[in-house]
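One file, work01.pdb, carrying PDB, C-alpha atoms and all ligand atoms:
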```
ATOM      1  CA  MET A   1     -91.614  54.822   7.382  1.00  0.00           C
ATOM      2  CA  PRO A   2     -93.166  51.334   7.473  1.00  0.00           C
ATOM      3  CA  SER A   3     -92.185  50.820  11.109  1.00  0.00           C
ATOM      4  CA  VAL A   4     -93.658  54.191  12.042  1.00  0.00           C
ATOM      5  CA  ASN A   5     -96.847  53.303  10.205  1.00  0.00           C
ATOM      6  CA  ARG A   6     -96.935  49.948  11.942  1.00  0.00           C
ATOM      7  CA  SER A   7     -96.577  51.408  15.425  1.00  0.00           C
ATOM      8  CA  ILE A   8     -99.274  53.966  14.677  1.00  0.00           C
ATOM      9  CA  LYS A   9    -101.472  51.150  13.450  1.00  0.00           C
ATOM     10  CA  ASN A  10    -100.731  49.019  16.502  1.00  0.00           C
ATOM     11  CA  ALA A  11    -101.448  51.892  18.859  1.00  0.00           C
ATOM     12  CA  GLN A  12    -104.785  52.462  17.197  1.00  0.00           C
ATOM     13  CA  VAL A  13    -105.651  48.796  17.106  1.00  0.00           C
ATOM     14  CA  GLU A  14    -105.082  48.522  20.843  1.00  0.00           C
ATOM     15  CA  ARG A  15    -107.780  51.079  21.535  1.00  0.00           C
ATOM     16  CA  SER A  16    -111.341  50.226  22.442  1.00  0.00           C
ATOM     17  CA  ALA A  17    -113.742  48.299  20.240  1.00  0.00           C
ATOM     18  CA  THR A  18    -115.772  51.459  19.714  1.00  0.00           C
ATOM     19  CA  ASN A  19    -112.837  53.061  18.034  1.00  0.00           C
ATOM     20  CA  ALA A  20    -112.205  49.870  16.138  1.00  0.00           C
ATOM     21  CA  ARG A  21    -115.126  50.417  13.816  1.00  0.00           C
ATOM     22  CA  SER A  22    -114.131  53.881  12.695  1.00  0.00           C
ATOM     23  CA  PHE A  23    -110.555  52.691  12.403  1.00  0.00           C
ATOM     24  CA  MET A  24    -111.706  49.922  10.071  1.00  0.00           C
ATOM     25  CA  ALA A  25    -113.803  52.282   7.990  1.00  0.00           C
ATOM     26  CA  ARG A  26    -110.743  54.338   7.184  1.00  0.00           C
ATOM     27  CA  PHE A  27    -108.796  51.303   6.082  1.00  0.00           C
ATOM     28  CA  LYS A  28    -111.459  49.949   3.766  1.00  0.00           C
ATOM     29  CA  SER A  29    -110.937  52.710   1.220  1.00  0.00           C
ATOM     30  CA  ALA A  30    -109.904  52.011  -2.342  1.00  0.00           C
ATOM     31  CA  ASN A  31    -106.616  53.123  -3.870  1.00  0.00           C
ATOM     32  CA  THR A  32    -104.438  52.093  -0.973  1.00  0.00           C
ATOM     33  CA  LYS A  33    -100.686  52.239  -1.394  1.00  0.00           C
ATOM     34  CA  PRO A  34    -100.340  48.461  -1.934  1.00  0.00           C
ATOM     35  CA  GLU A  35    -103.004  48.682  -4.642  1.00  0.00           C
ATOM     36  CA  VAL A  36    -101.152  51.473  -6.383  1.00  0.00           C
ATOM     37  CA  GLN A  37     -97.951  49.401  -6.210  1.00  0.00           C
ATOM     38  CA  VAL A  38     -99.689  46.453  -7.844  1.00  0.00           C
ATOM     39  CA  ARG A  39    -101.067  48.656 -10.631  1.00  0.00           C
ATOM     40  CA  ARG A  40     -97.627  50.092 -11.237  1.00  0.00           C
ATOM     41  CA  ALA A  41     -96.101  46.602 -11.464  1.00  0.00           C
ATOM     42  CA  LEU A  42     -98.860  45.369 -13.787  1.00  0.00           C
ATOM     43  CA  HIS A  43     -98.369  48.383 -16.007  1.00  0.00           C
ATOM     44  CA  ALA A  44     -94.619  47.774 -16.135  1.00  0.00           C
ATOM     45  CA  LEU A  45     -95.308  44.173 -17.136  1.00  0.00           C
ATOM     46  CA  GLY A  46     -97.547  45.345 -19.957  1.00  0.00           C
ATOM     47  CA  PHE A  47    -100.886  44.091 -18.607  1.00  0.00           C
ATOM     48  CA  ARG A  48    -104.067  45.924 -19.510  1.00  0.00           C
ATOM     49  CA  PHE A  49    -106.302  46.255 -16.490  1.00  0.00           C
ATOM     50  CA  ARG A  50    -109.410  47.882 -15.112  1.00  0.00           C
ATOM     51  CA  LEU A  51    -110.189  48.960 -11.576  1.00  0.00           C
ATOM     52  CA  HIS A  52    -112.929  48.244  -9.042  1.00  0.00           C
ATOM     53  CA  ARG A  53    -115.423  46.348 -11.190  1.00  0.00           C
ATOM     54  CA  LYS A  54    -118.484  46.753  -8.991  1.00  0.00           C
ATOM     55  CA  ASP A  55    -120.454  44.285 -11.105  1.00  0.00           C
ATOM     56  CA  LEU A  56    -118.159  41.417 -10.046  1.00  0.00           C
ATOM     57  CA  PRO A  57    -118.294  39.565  -6.711  1.00  0.00           C
ATOM     58  CA  GLY A  58    -116.272  41.370  -4.049  1.00  0.00           C
ATOM     59  CA  THR A  59    -115.542  44.360  -6.339  1.00  0.00           C
ATOM     60  CA  PRO A  60    -112.051  43.172  -7.265  1.00  0.00           C
ATOM     61  CA  ASP A  61    -109.403  45.863  -6.842  1.00  0.00           C
ATOM     62  CA  ILE A  62    -108.038  45.181 -10.305  1.00  0.00           C
ATOM     63  CA  VAL A  63    -109.203  43.010 -13.197  1.00  0.00           C
ATOM     64  CA  LEU A  64    -107.346  41.758 -16.256  1.00  0.00           C
ATOM     65  CA  PRO A  65    -110.270  41.563 -18.702  1.00  0.00           C
ATOM     66  CA  LYS A  66    -108.468  39.614 -21.439  1.00  0.00           C
ATOM     67  CA  LEU A  67    -107.353  36.939 -18.991  1.00  0.00           C
ATOM     68  CA  ARG A  68    -110.626  37.034 -17.040  1.00  0.00           C
ATOM     69  CA  THR A  69    -108.570  37.376 -13.904  1.00  0.00           C
ATOM     70  CA  ALA A  70    -109.623  39.289 -10.821  1.00  0.00           C
ATOM     71  CA  ILE A  71    -106.912  40.570  -8.513  1.00  0.00           C
ATOM     72  CA  PHE A  72    -107.471  41.312  -4.853  1.00  0.00           C
ATOM     73  CA  VAL A  73    -104.837  43.237  -2.947  1.00  0.00           C
ATOM     74  CA  HIS A  74    -105.336  42.096   0.624  1.00  0.00           C
ATOM     75  CA  GLY A  75    -104.171  43.878   3.737  1.00  0.00           C
ATOM     76  CA  CYS A  76    -102.229  41.320   5.797  1.00  0.00           C
ATOM     77  CA  PHE A  77    -103.952  42.403   9.003  1.00  0.00           C
ATOM     78  CA  TRP A  78    -107.552  42.616   7.788  1.00  0.00           C
ATOM     79  CA  HIS A  79    -107.421  39.420   5.772  1.00  0.00           C
ATOM     80  CA  GLN A  80    -105.079  37.608   8.188  1.00  0.00           C
ATOM     81  CA  HIS A  81    -102.281  36.629   5.840  1.00  0.00           C
ATOM     82  CA  PRO A  82    -101.310  33.117   7.052  1.00  0.00           C
ATOM     83  CA  GLY A  83     -97.918  33.084   8.735  1.00  0.00           C
ATOM     84  CA  CYS A  84     -97.425  36.836   8.291  1.00  0.00           C
ATOM     85  CA  LYS A  85     -96.248  38.853  11.284  1.00  0.00           C
ATOM     86  CA  ALA A  86     -98.660  41.640  10.339  1.00  0.00           C
ATOM     87  CA  ALA A  87    -101.530  39.222  10.884  1.00  0.00           C
ATOM     88  CA  ARG A  88    -101.447  38.985  14.667  1.00  0.00           C
ATOM     89  CA  ILE A  89    -104.692  39.260  16.620  1.00  0.00           C
ATOM     90  CA  PRO A  90    -104.774  42.433  18.747  1.00  0.00           C
ATOM     91  CA  LYS A  91    -104.491  41.824  22.498  1.00  0.00           C
ATOM     92  CA  SER A  92    -107.490  43.943  23.370  1.00  0.00           C
ATOM     93  CA  ASN A  93    -110.914  42.760  22.221  1.00  0.00           C
ATOM     94  CA  PRO A  94    -109.632  39.477  20.793  1.00  0.00           C
ATOM     95  CA  VAL A  95    -113.163  38.107  20.418  1.00  0.00           C
ATOM     96  CA  PHE A  96    -114.265  41.113  18.390  1.00  0.00           C
ATOM     97  CA  TRP A  97    -111.260  40.806  16.095  1.00  0.00           C
ATOM     98  CA  THR A  98    -111.455  37.036  15.738  1.00  0.00           C
ATOM     99  CA  ASN A  99    -115.081  37.304  14.652  1.00  0.00           C
ATOM    100  CA  LYS A 100    -114.273  40.163  12.322  1.00  0.00           C
ATOM    101  CA  PHE A 101    -111.440  38.229  10.691  1.00  0.00           C
ATOM    102  CA  LYS A 102    -113.562  35.101  10.352  1.00  0.00           C
ATOM    103  CA  LYS A 103    -116.233  37.110   8.539  1.00  0.00           C
ATOM    104  CA  ASN A 104    -113.631  38.597   6.221  1.00  0.00           C
ATOM    105  CA  GLU A 105    -112.260  35.167   5.412  1.00  0.00           C
ATOM    106  CA  THR A 106    -115.696  33.692   4.751  1.00  0.00           C
ATOM    107  CA  ARG A 107    -116.510  36.589   2.423  1.00  0.00           C
ATOM    108  CA  ASP A 108    -113.158  36.305   0.627  1.00  0.00           C
ATOM    109  CA  VAL A 109    -113.728  32.602  -0.056  1.00  0.00           C
ATOM    110  CA  ALA A 110    -117.319  33.189  -1.187  1.00  0.00           C
ATOM    111  CA  ASN A 111    -116.151  35.857  -3.630  1.00  0.00           C
ATOM    112  CA  ILE A 112    -113.553  33.543  -5.149  1.00  0.00           C
ATOM    113  CA  VAL A 113    -116.163  30.799  -5.567  1.00  0.00           C
ATOM    114  CA  ASP A 114    -118.631  33.254  -7.151  1.00  0.00           C
ATOM    115  CA  LEU A 115    -115.986  34.577  -9.497  1.00  0.00           C
ATOM    116  CA  LYS A 116    -115.029  31.073 -10.545  1.00  0.00           C
ATOM    117  CA  ALA A 117    -118.677  30.280 -11.275  1.00  0.00           C
ATOM    118  CA  ARG A 118    -118.704  33.257 -13.633  1.00  0.00           C
ATOM    119  CA  GLY A 119    -115.552  32.080 -15.377  1.00  0.00           C
ATOM    120  CA  TRP A 120    -113.166  34.403 -13.584  1.00  0.00           C
ATOM    121  CA  ALA A 121    -109.875  33.323 -12.060  1.00  0.00           C
ATOM    122  CA  THR A 122    -108.714  35.043  -8.889  1.00  0.00           C
ATOM    123  CA  VAL A 123    -105.264  36.164  -7.830  1.00  0.00           C
ATOM    124  CA  VAL A 124    -104.612  37.366  -4.290  1.00  0.00           C
ATOM    125  CA  VAL A 125    -101.671  39.646  -3.642  1.00  0.00           C
ATOM    126  CA  TRP A 126    -100.754  40.360  -0.033  1.00  0.00           C
ATOM    127  CA  GLU A 127     -99.801  43.798   1.190  1.00  0.00           C
ATOM    128  CA  CYS A 128     -96.396  42.558   2.407  1.00  0.00           C
ATOM    129  CA  GLU A 129     -95.643  41.308  -1.117  1.00  0.00           C
ATOM    130  CA  THR A 130     -95.948  44.807  -2.553  1.00  0.00           C
ATOM    131  CA  LYS A 131     -93.008  46.386  -0.715  1.00  0.00           C
ATOM    132  CA  ASN A 132     -90.400  45.450  -3.299  1.00  0.00           C
ATOM    133  CA  GLU A 133     -91.464  46.163  -6.868  1.00  0.00           C
ATOM    134  CA  ARG A 134     -89.153  43.623  -8.455  1.00  0.00           C
ATOM    135  CA  ASP A 135     -90.391  40.824  -6.207  1.00  0.00           C
ATOM    136  CA  LEU A 136     -93.949  41.971  -6.764  1.00  0.00           C
ATOM    137  CA  ARG A 137     -93.590  41.638 -10.528  1.00  0.00           C
ATOM    138  CA  THR A 138     -92.356  38.076 -10.104  1.00  0.00           C
ATOM    139  CA  VAL A 139     -95.263  37.231  -7.801  1.00  0.00           C
ATOM    140  CA  LEU A 140     -97.772  38.689 -10.254  1.00  0.00           C
ATOM    141  CA  LEU A 141     -96.314  36.915 -13.262  1.00  0.00           C
ATOM    142  CA  HIS A 142     -96.306  33.570 -11.468  1.00  0.00           C
ATOM    143  CA  ARG A 143     -99.832  33.813 -10.128  1.00  0.00           C
ATOM    144  CA  VAL A 144    -101.413  35.159 -13.290  1.00  0.00           C
ATOM    145  CA  ALA A 145     -99.553  32.577 -15.373  1.00  0.00           C
ATOM    146  CA  ALA A 146    -100.683  29.763 -13.069  1.00  0.00           C
ATOM    147  CA  ASN A 147    -104.278  30.773 -13.719  1.00  0.00           C
ATOM    148  CA  ALA A 148    -103.750  31.051 -17.448  1.00  0.00           C
ATOM    149  CA  GLN A 149    -102.319  27.537 -17.432  1.00  0.00           C
ATOM    150  CA  ASN A 150    -105.364  26.206 -15.606  1.00  0.00           C
ATOM    151  CA  ASP A 151    -107.491  27.828 -18.316  1.00  0.00           C
ATOM    152  CA  GLN A 152    -105.477  26.123 -20.992  1.00  0.00           C
ATOM    153  CA  PHE A 153    -106.092  22.705 -19.505  1.00  0.00           C
ATOM    154  CA  GLY A 154    -109.732  23.397 -18.854  1.00  0.00           C
ATOM    155  CA  ILE A 155    -109.477  22.881 -15.127  1.00  0.00           C
ATOM    156  CA  ASN A 156    -112.452  24.256 -13.244  1.00  0.00           C
ATOM    157  CA  VAL A 157    -113.192  26.788 -15.928  1.00  0.00           C
ATOM    158  CA  ILE A 158    -116.785  27.519 -16.801  1.00  0.00           C
ATOM    159  CA  PRO A 159    -117.405  29.439 -20.026  1.00  0.00           C
ATOM    160  CA  PRO A 160    -118.473  33.071 -19.596  1.00  0.00           C
ATOM    161  CA  LEU A 161    -122.228  33.434 -19.174  1.00  0.00           C
ATOM    162  CA  ASP A 162    -122.635  35.613 -22.268  1.00  0.00           C
ATOM    163  CA  THR A 163    -121.505  32.804 -24.578  1.00  0.00           C
ATOM    164  CA  GLN A 164    -123.794  30.165 -23.075  1.00  0.00           C
ATOM    165  CA  SER A 165    -127.136  31.495 -24.276  1.00  0.00           C
ATOM    166  CA  GLY A 166    -128.651  30.716 -27.679  1.00  0.00           C
TER     167      GLY A 166
HETATM  168 ZN    ZN B 201     -98.335  39.517   4.804  1.00  0.00          ZN
END
```

Please express the file's structure as structure tokens.
Ligand SMILES: [Zn+2]
Amino acid sequence: MPSVNRSIKNAQVERSATNARSFMARFKSANTKPEVQVRRALHALGFRFRLHRKDLPGTPDIVLPKLRTAIFVHGCFWHQHPGCKAARIPKSNPVFWTNKFKKNETRDVANIVDLKARGWATVVVWECETKNERDLRTVLLHRVAANAQNDQFGINVIPPLDTQSG
């Protein structure tokens, strides 16, 4: 299945830049399979979470309210997962794609900075890390725990805005 999906994706990516936009639109939708996998793993681990908080920078795919942690599930292609084979630049229209990916990266970084300023930690989970549920649970535990530890030591953590007034 994944290899079939990949070749379909590649075939579509190789098409013209005009098609590229509609292709992208379809892939921007919420509730992608990797997202569902991450929710399933979080649930199995006993985390309480909420989805698609539109009031937070970048509308994180999942948030852990108690831990003030935002989770983004990034497609390896769209967000150019470093060193990942799914992150290659398509051969046709390389300039279009390079610009597109640069914009995505700039936005991703800006969202993380904004979230941090509001007292939210960010965890990024890559699509390719969601294939195996057991591995995914380990990844989630490690990354969420790393953030919690930073909180504990007061590193780069700004108190939530609602407690600063008065
Ligand atoms: Zn990847």

Neighbour list for A:Ala87 as a PDB file with C-alpha atoms, in the frame of the given file, cut-off 9 Å, only C-alpha atoms, skip fewer than 2 positions in-chain:
```pdb
ATOM      1  CA  GLY A  75    -104.171  43.878   3.737  1.00  0.00           C
ATOM      2  CA  CYS A  76    -102.229  41.320   5.797  1.00  0.00           C
ATOM      3  CA  PHE A  77    -103.952  42.403   9.003  1.00  0.00           C
ATOM      4  CA  TRP A  78    -107.552  42.616   7.788  1.00  0.00           C
ATOM      5  CA  HIS A  79    -107.421  39.420   5.772  1.00  0.00           C
ATOM      6  CA  GLN A  80    -105.079  37.608   8.188  1.00  0.00           C
ATOM      7  CA  HIS A  81    -102.281  36.629   5.840  1.00  0.00           C
ATOM      8  CA  PRO A  82    -101.310  33.117   7.052  1.00  0.00           C
ATOM      9  CA  GLY A  83     -97.918  33.084   8.735  1.00  0.00           C
ATOM     10  CA  CYS A  84     -97.425  36.836   8.291  1.00  0.00           C
ATOM     11  CA  LYS A  85     -96.248  38.853  11.284  1.00  0.00           C
ATOM     12  CA  ILE A  89    -104.692  39.260  16.620  1.00  0.00           C
TER      13      ILE A  89
END
```

request  = Could you tell me how far atom CA of A:Val124 lies from atom CA of A:Ile71, in Å and to one decimal?
outcome  =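 Value for the atom CA of A:Val124-atom CA of A:Ile71 distance: 5.8 Å.
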
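Remark: for A:Leu56, the closest of the candidate residues A:Leu141, A:Ala117, A:Leu136, A:Ala44 is A:Ala117 (distances computed over only C-alpha atoms).
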
request  = Could you please determine the separation between atom CA of A:Ala110 and atom CA of A:Thr122 in Å, to one decimal place?
outcome  =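 Result for atom CA of A:Ala110 versus atom CA of A:Thr122: 11.7 Å, one decimal.
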
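For the pair atom CA of A:Ile112 and atom CA of A:Ala41, the interatomic distance is 22.7 Å.
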
Shell around A:Phe47 at 12 Å using only C-alpha atoms, local window under 3 positions removed, as JSON, numbers by chain = {"A": [38, 39, 40, 41, 42, 43, 44, 50, 62, 63, 64, 65, 66, 67, 69, 137, 140, 141, 144]}

Taking all atoms of stretch 74-91 of chain A that the file lists, what box with edges along x, y and z, padded by 8 Å per side, do you get, with centre and edge lengths in Å to one decimal, as lines of an AutoDock Vina configuration file?
```
center_x = -101.9
center_y = 38.5
center_z = 11.6
size_x = 27.3
size_y = 26.8
size_z = 37.9
```

Nearby residues, (-107.8, 53.4, -6.7) file frame, 8 Å, only C-alpha atoms, as a PyMOL selection string = chain A and resi 30-32+35-36+51-52+61

ask   = For ligand ZN 201 (chain B), which residue out of A:Phe49, A:Trp120, A:Trp126, A:Phe96 is the nearest one, using only C-alpha atoms and all ligand atoms?
value =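 Result for the nearest residue to ligand ZN 201 (chain B): A:Trp126.
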
task = Pull the neighbourhood of (-89.4, 50.9, -2.9) for me: all residues within 12 Å in file coordinates, counting only C-alpha atoms, as number ranges by chain.
result = A: 1-2, 33-34, 37, 40-41, 129-136

ask   = Which one of A:Cys128, A:Val113, A:Val139, A:Ala70 sits closest to ligand ZN 201 (chain B) if you count only C-alpha atoms and all ligand atoms?
value =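 Among the listed residues, A:Cys128 lies closest to ligand ZN 201 (chain B).
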
task = Check the smallest atom-to-atom distance from each of A:Arg107, A:His74, A:Arg53, A:Arg68 to A:Asn147 using only C-alpha atoms, then report the winner.
result =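 Closest residue, counting only C-alpha atoms: A:Arg68.
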
message = My list of candidates is A:Thr59, A:Gly119, A:Glu127, A:Thr98. Which is closest to ligand ZN 201 (chain B) when distances are computed with all atoms listed in the file?
response = A:Glu127

Counting only C-alpha atoms and all ligand atoms, the option among A:Arg143, A:Lys102, A:Arg88, A:Lys54 closest to ligand ZN 201 (chain B) =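 Of A:Arg143, A:Lys102, A:Arg88, A:Lys54, the one nearest ligand ZN 201 (chain B) is A:Arg88, counting only C-alpha atoms and all ligand atoms.
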